[in-house]
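Here's the structure, in structure tokens; my notes come after.
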Number of protein chains: 2
Amino acid sequence: MTIRSKPIGPISILDIAERANVSPATVSRTFNRPADVSKATRERVHGISRELGYRPNASARTLRTQRSRVLGVILPTLDNPVFAECLQGIAQATATLGFSIMPATTDYQVEVELEAVANLLSLGVDGTILVVSDAATSRALELLAQRHSPYVLAYNRHPAHPCVSVANDTALDELVQKLARLGHRRIAMVCGQLKASDRAQQRHAGFMAGMRRAGLTPAPLVEVPFVETAIDDIARVLLGPSRPTALVCSNDLIAIRALRAAHVCRLRVPNDLSITGFDGIRTGRDLTPALSTIVQPNNDIGRHSVELLVRALHEGRPPNAAESISLSHHFFRGESCAHAPANDCATS
Amino acid sequence: MTIRSKPIGPISILDIAERANVSPATVSRTFNRPADVSKATRERVHGISRELGYRPNASARTLRTQRSRVLGVILPTLDNPVFAECLQGIAQATATLGFSIMPATTDYQVEVELEAVANLLSLGVDGTILVVSDAATSRALELLAQRHSPYVLAYNRHPAHPCVSVANDTALDELVQKLARLGHRRIAMVCGQLKASDRAQQRHAGFMAGMRRAGLTPAPLVEVPFVETAIDDIARVLLGPSRPTALVCSNDLIAIRALRAAHVCRLRVPNDLSITGFDGIRTGRDLTPALSTIVQPNNDIGRHSVELLVRALHEGRPPNAAESISLSHHFFRGESCAHAPANDCATS
DNA sequence: CTGAAAGCGCTAACAC
DNA sequence: GTGTTAGCGCTTTCAG
């Protein structure tokens with residue numbers, strides 16, 4: 001039960017060295033290259049260390065070696081389960097590999113992204129995993145590059161950077177084809193602030209391409225800037241003229257609010273209206289109707305980001321764009337998506 | 001657009017000192033006690049630092065001062081939005097106060113809690129915010145105490161420790177009274193593994209007290225150990241003999257699955273069955289039916305934990321149990337909760 | 001108001 | 001296989 005009552009002040013390598021009758025260097029070796037130490041001393045040192053609960057001081061080690069075994073993580077917000085699930089994956093993978101993480105959230109503000117990177121740099125992280133608003137114009141990435149600090153983008157997808165992501169555009173194109181095959185003709189896309197997210201832009205581009213390919217005219221884009229008003233904004237569209245038969249939402253949080261908006265408007269989902277999301281957050285599967293969505297492996301996106309970054313670090317180099325990982329997505333057809341209503345189903 | 005192309009290797013205090021024609025000590029003072037430096041040199045030093053993008057090396061500073069301005073955070077999992085929302089609050093508050101965080105997740109395993117604390121200690125955190133399985137028996141807390149490392153518990157509620165939490169037991173007692181007033185007689189509680197969470201135990205205790213106070217006999221406790229089987233487990237109860245008219249769930253994630261279970265069993269919520277949760281996660285409000293739940297201020301729990309901890313640190317002492325903060329909860333009556341079905345409503 | 005010097009705890013040459 | 005030594009970048013007495 002008790003953990004040992006000996007040590008009061010922080011224990012240092014010198015304390016261990018003294019008690020083990022060896023030099024501090026040998027203690028250091030015992031931890032860093034156990035093979036270079038005789039079995040006898042190794043066991044003695046380990047024994048004493050365990051007894052006193054000694055762990056090498058990370059700051060001193062970092063200062064000396066210039067490596068911290070800490071990864072910075074920059075995310076828009078943890079209030080969106082997508083990023084929380086991803087961070088969970090990052091936390092698990094880093095723990096396995098003996099790394100720690102220092103996360104910061106930006107609330108989608110680019111100035112905060114830059115500040116966060118500067119901060120992480122001074123904290124001495126070995127590398128950074130980040131989700132930026134727009135990879136093409138990010139000053140945060142610029143700073144990282146200028147400082148030659150290794151990084152991996154998660155969710156963002158850009159040919160000039162190492163990224164772990166899914167094919168946002170393809171996914172939406174495919175989705176539109178599926179909806180078209182279900183008889184939908186009036187399909188509207190709903191998204192948050194387009195300029196705050198390159199993913200949303202890519203998804204929108206895929207949507208437009210898909211509509212074109214299906215020979216359909218897209219309904220006007222519905223932008224819902226704030227969560228507070230999202231339900232009202234969507235309801236307004238649903239009550240307007242020539243209401244869509246399908247709402248394609250740029251993420252699951254919006255899709256869930258669209259579900260609510262449909263309810264408010266007394267529309268049945270999926271009988272009167274089909275709704276789809278994007279992200280595959282866990283909760284979506286437990287909803288009624290179960291949310292149809294393009295599932296991306298959020299935990300794995302985190303995991304792979306860590307693995308890609310750490311692999312490069314071990315090889316003493318930054319990850320590069322050519323190593324980008326494209327993870328596969330899939331469409332989960334939940335109950336929120338079905339055939340277009342009969343009277344709307346102009347199967348030409 | 002460009003961020004400056006000068007510096008290649010990491011810039012140190014010496015570089016700044018040289019260019020500013022002052023000693024390193026003066027540069028240090030400029031950052032740490034600006035008042036002790038003449039306005040002229042201060043501005044010169046700041047100018048050059050900004051120009052070169054210099055930021056003091058955190059490891060060196062930590063090693064020297066024995067303070068890192070980093071807080072450790074230990075949470076069960078980020079897959080539960082409760083903790084993700086809380087971490088968001090922690091991240092925001094720490095950023096405001098000039099601290100950084102190092103989170104770790106435990107997946108509710110006590111050995112992992114202990115390991116995480118040991119790890120954070122060697123990383124030199126100034127303090128730790130944690131959610132443990134059981135505050136009364138936590139070895140992680142024991143280690144923290146033995147090392148005199150400041151900490152604050154979030155969500156846990158125990159008289160011997162500094163905690164930021166809500167009155168779990170009271171909340172459930174009150175809830176039961178509300179349900180009784182709505183005519184419910186057969187009320188069952190549903191929770192995860194009781195032994196993995198002292199909150200769940202407290203909520204259960206409050207439930208039992210409330211039932212007693214209302215003169216009701218509680219239906220057998222429904223324990224749903226795994227998320228994978230939760231819906232089936234709950235459905236089984238709903239299909240069994242003398243089905244409850246109300247399901248009181250120990251958290252929102254379980255409540256959402258209970259909603260699903262009701263649907264599977266072709267029960268209408270709230271007409272045939274009332275369901276309540278606990279936590280007040282954001283998504284609950286957007287569901288249909290909107291989830292009735294005991295709302296706790298997750299973001300604020302994080303914020304206050306940080307503030308309590310940092311205040312104590314500034315005063316050079318650990319937070320103590322007497323400073324514990326009890327935040328207020330409230331019952332949000334969403335559409336998932338209503339009067340008991342008429343035929344079951346034995347208003348004596 | 002500013003400088004010189006010591007040292008936080010650790011690791012990595014380099015000797016032995 | 002082990003010890004000696006220097007120094008990572010910074011802050012902090014202590015002088016001046």
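All residue names refer to the structure tokens as shown: chains lettered A, B, ... in order, residues numbered from 1 in each chain, ligands numbered from 1 in order.
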
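Those residues of chain A that fall within 6 Å of chain B when using only C-alpha atoms read Arg55, Asn57, Ala58, Ser59, Ala60, Leu63, Leu78, Asp79, Ala84, Glu85, Gln88, Ile101, Met102, Ser122, Leu123, Arg257 and Asp286 of chain A.
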
With N, CA and C atoms retained, export the selected residues as a tab-separated table (two decimals), in the first residue's frame.
chain	number	residue	atom	x	y	z
A	55	ARG	N	13.40	8.97	-11.05
A	55	ARG	CA	13.22	9.06	-12.50
A	55	ARG	C	14.07	10.21	-12.98
A	57	ASN	N	15.40	13.48	-14.43
A	57	ASN	CA	14.75	14.77	-14.64
A	57	ASN	C	14.70	15.12	-16.13
A	58	ALA	N	13.48	15.26	-16.61
A	58	ALA	CA	13.30	15.44	-18.05
A	58	ALA	C	13.87	16.76	-18.56
A	59	SER	N	13.78	17.80	-17.76
A	59	SER	CA	14.29	19.10	-18.22
A	59	SER	C	15.79	19.06	-18.42
A	60	ALA	N	16.46	18.48	-17.46
A	60	ALA	CA	17.91	18.40	-17.55
A	60	ALA	C	18.31	17.57	-18.77
A	63	LEU	N	17.64	19.56	-21.88
A	63	LEU	CA	18.60	20.63	-22.06
A	63	LEU	C	19.90	20.07	-22.62
A	78	LEU	N	-11.62	20.92	-28.67
A	78	LEU	CA	-11.96	19.58	-28.18
A	78	LEU	C	-13.46	19.45	-27.98
A	79	ASP	N	-14.20	20.51	-28.24
A	79	ASP	CA	-15.65	20.43	-28.13
A	79	ASP	C	-16.24	19.69	-29.31
A	84	ALA	N	-11.40	15.36	-30.40
A	84	ALA	CA	-11.19	14.68	-29.13
A	84	ALA	C	-10.82	13.22	-29.38
A	85	GLU	N	-11.52	12.59	-30.30
A	85	GLU	CA	-11.21	11.20	-30.63
A	85	GLU	C	-9.80	11.08	-31.20
A	88	GLN	N	-7.30	11.43	-28.50
A	88	GLN	CA	-7.25	10.18	-27.75
A	88	GLN	C	-6.29	9.20	-28.45
A	101	ILE	N	2.71	14.52	-24.67
A	101	ILE	CA	2.15	15.53	-25.57
A	101	ILE	C	1.81	16.82	-24.85
A	102	MET	N	1.91	17.92	-25.59
A	102	MET	CA	1.46	19.21	-25.09
A	102	MET	C	0.47	19.77	-26.09
A	122	SER	N	9.36	27.08	-28.12
A	122	SER	CA	10.17	27.49	-26.97
A	122	SER	C	10.10	26.45	-25.86
A	123	LEU	N	9.06	25.63	-25.91
A	123	LEU	CA	8.95	24.56	-24.93
A	123	LEU	C	9.82	23.36	-25.32
A	257	ARG	N	-27.45	18.70	-35.91
A	257	ARG	CA	-28.34	19.86	-35.79
A	257	ARG	C	-29.34	19.91	-36.94
A	286	ASP	N	-25.26	5.92	-32.37
A	286	ASP	CA	-26.25	5.62	-31.34
A	286	ASP	C	-27.52	6.46	-31.46

Review point. What lies within 9 Å of stretch 207-209 of chain B using only C-alpha atoms (C1' of nucleotides), ignoring chain neighbours under 4 positions off, as a VMD selection string?
Key: chain B and resid 169 to 176 189 202 to 203 213 to 214 217 to 218 248

Given the selection you just returned, output its residues as a file containing N, CA and C atoms, formatted as a compact mmCIF listing (two decimals), in the first residue's frame.
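Now in result_30.txt:
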# COMPACT_ATOMS: atom_id res chain seq x y z
N ASP B 169 -24.56 13.05 -5.36
CA ASP B 169 -25.61 12.37 -4.61
C ASP B 169 -26.89 13.22 -4.53
N THR B 170 -26.71 14.47 -4.13
CA THR B 170 -27.86 15.37 -4.05
C THR B 170 -28.60 15.45 -5.39
N ALA B 171 -27.83 15.59 -6.43
CA ALA B 171 -28.42 15.73 -7.76
C ALA B 171 -29.34 14.55 -8.06
N LEU B 172 -28.90 13.36 -7.72
CA LEU B 172 -29.72 12.20 -8.03
C LEU B 172 -30.91 12.06 -7.12
N ASP B 173 -30.71 12.43 -5.89
CA ASP B 173 -31.84 12.43 -4.96
C ASP B 173 -32.94 13.36 -5.49
N GLU B 174 -32.54 14.58 -5.83
CA GLU B 174 -33.50 15.55 -6.36
C GLU B 174 -34.20 15.02 -7.61
N LEU B 175 -33.40 14.41 -8.45
CA LEU B 175 -33.96 13.89 -9.69
C LEU B 175 -35.04 12.85 -9.43
N VAL B 176 -34.77 11.98 -8.49
CA VAL B 176 -35.75 10.95 -8.17
C VAL B 176 -37.05 11.59 -7.68
N MET B 189 -32.04 2.39 -12.18
CA MET B 189 -30.81 3.11 -12.49
C MET B 189 -29.95 2.25 -13.39
N GLN B 202 -21.40 7.47 -6.10
CA GLN B 202 -22.09 8.54 -5.38
C GLN B 202 -23.46 8.80 -5.99
N ARG B 203 -23.48 8.76 -7.30
CA ARG B 203 -24.77 8.97 -7.96
C ARG B 203 -25.74 7.85 -7.59
N ARG B 213 -36.47 8.12 0.18
CA ARG B 213 -37.17 9.33 0.61
C ARG B 213 -38.53 9.45 -0.09
N ALA B 214 -38.60 8.95 -1.31
CA ALA B 214 -39.86 9.02 -2.06
C ALA B 214 -40.76 7.83 -1.74
N THR B 217 -39.55 1.59 -4.15
CA THR B 217 -38.60 0.48 -4.17
C THR B 217 -37.82 0.52 -5.48
N PRO B 218 -36.52 0.65 -5.41
CA PRO B 218 -35.75 0.73 -6.65
C PRO B 218 -35.77 -0.59 -7.41
N VAL B 248 -32.92 5.97 -15.11
CA VAL B 248 -32.01 7.01 -14.66
C VAL B 248 -30.59 6.54 -14.96

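Between chain D and the candidates B:Ile11, B:Met211, B:Ala160, B:Leu309, the tightest atom-to-atom separation, counting only C-alpha atoms (C1' of nucleotides), involves B:Ile11.
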
Review point. Which one is closest to chain D: B:Gly210, B:Gly183, B:Gly240, B:Pro24? Count only C-alpha atoms (C1' of nucleotides).
Key: B:Pro24

Review point. Residues at most 7 Å from B:Glu335, counting only C-alpha atoms (C1' of nucleotides), excluding those fewer than 2 positions away in the same chain, as number ranges by chain?
Key: B: 270, 289-292, 333, 337

Check your understanding: Mind pulling up the distance from atom CA of A:Leu141 to atom CA of A:Cys163?
Key -> 12.2 Å

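Pairwise distance (atom C1' of C:DT2, atom CA of B:Ser12) equals 19.4 Å.
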
Exercise for review: Can you check which residues of chain B have any atom within 8 Å of chain C? Use only C-alpha atoms (C1' of nucleotides) and format it as JSON, numbers by chain.
Suggested key: {"B": [23, 25, 26, 36, 37, 38, 63, 64, 65, 66]}

Practice item. Dump as a VMD selection string the residues of chain D that approach chain A to within 8 Å, counting only C-alpha atoms (C1' of nucleotides). Key: chain D and resid 1 to 3 8 to 9

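The residue set within 8 Å of B:Ser305, counting only C-alpha atoms (C1' of nucleotides) and dropping same-chain residues fewer than 2 places from it, reads Ile90, Ile129, Val152, Leu153, Ala154, Cys163, Val164, Ile301, Gly302, Arg303, Glu307, Leu308 and Leu309 of chain B.
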
File dump, residues just selected, C-alpha atoms, as a PDB file, in the first residue's frame:
ATOM      1  CA  ILE B  90      -8.379  23.422 -18.922  1.00  0.00           C
ATOM      2  CA  ILE B 129      -5.268  18.054 -12.421  1.00  0.00           C
ATOM      3  CA  VAL B 152      -6.544  19.181  -7.783  1.00  0.00           C
ATOM      4  CA  LEU B 153      -9.156  16.529  -8.421  1.00  0.00           C
ATOM      5  CA  ALA B 154     -11.807  17.199 -11.021  1.00  0.00           C
ATOM      6  CA  CYS B 163     -11.764  18.867  -5.513  1.00  0.00           C
ATOM      7  CA  VAL B 164     -13.774  20.699  -8.134  1.00  0.00           C
ATOM      8  CA  ILE B 301     -14.868  22.364 -13.917  1.00  0.00           C
ATOM      9  CA  GLY B 302     -11.713  22.462 -16.004  1.00  0.00           C
ATOM     10  CA  ARG B 303     -11.323  26.213 -15.680  1.00  0.00           C
ATOM     11  CA  GLU B 307      -7.479  28.517 -11.334  1.00  0.00           C
ATOM     12  CA  LEU B 308      -7.498  26.829  -7.974  1.00  0.00           C
ATOM     13  CA  LEU B 309      -4.246  25.073  -8.710  1.00  0.00           C
TER      14      LEU B 309
END
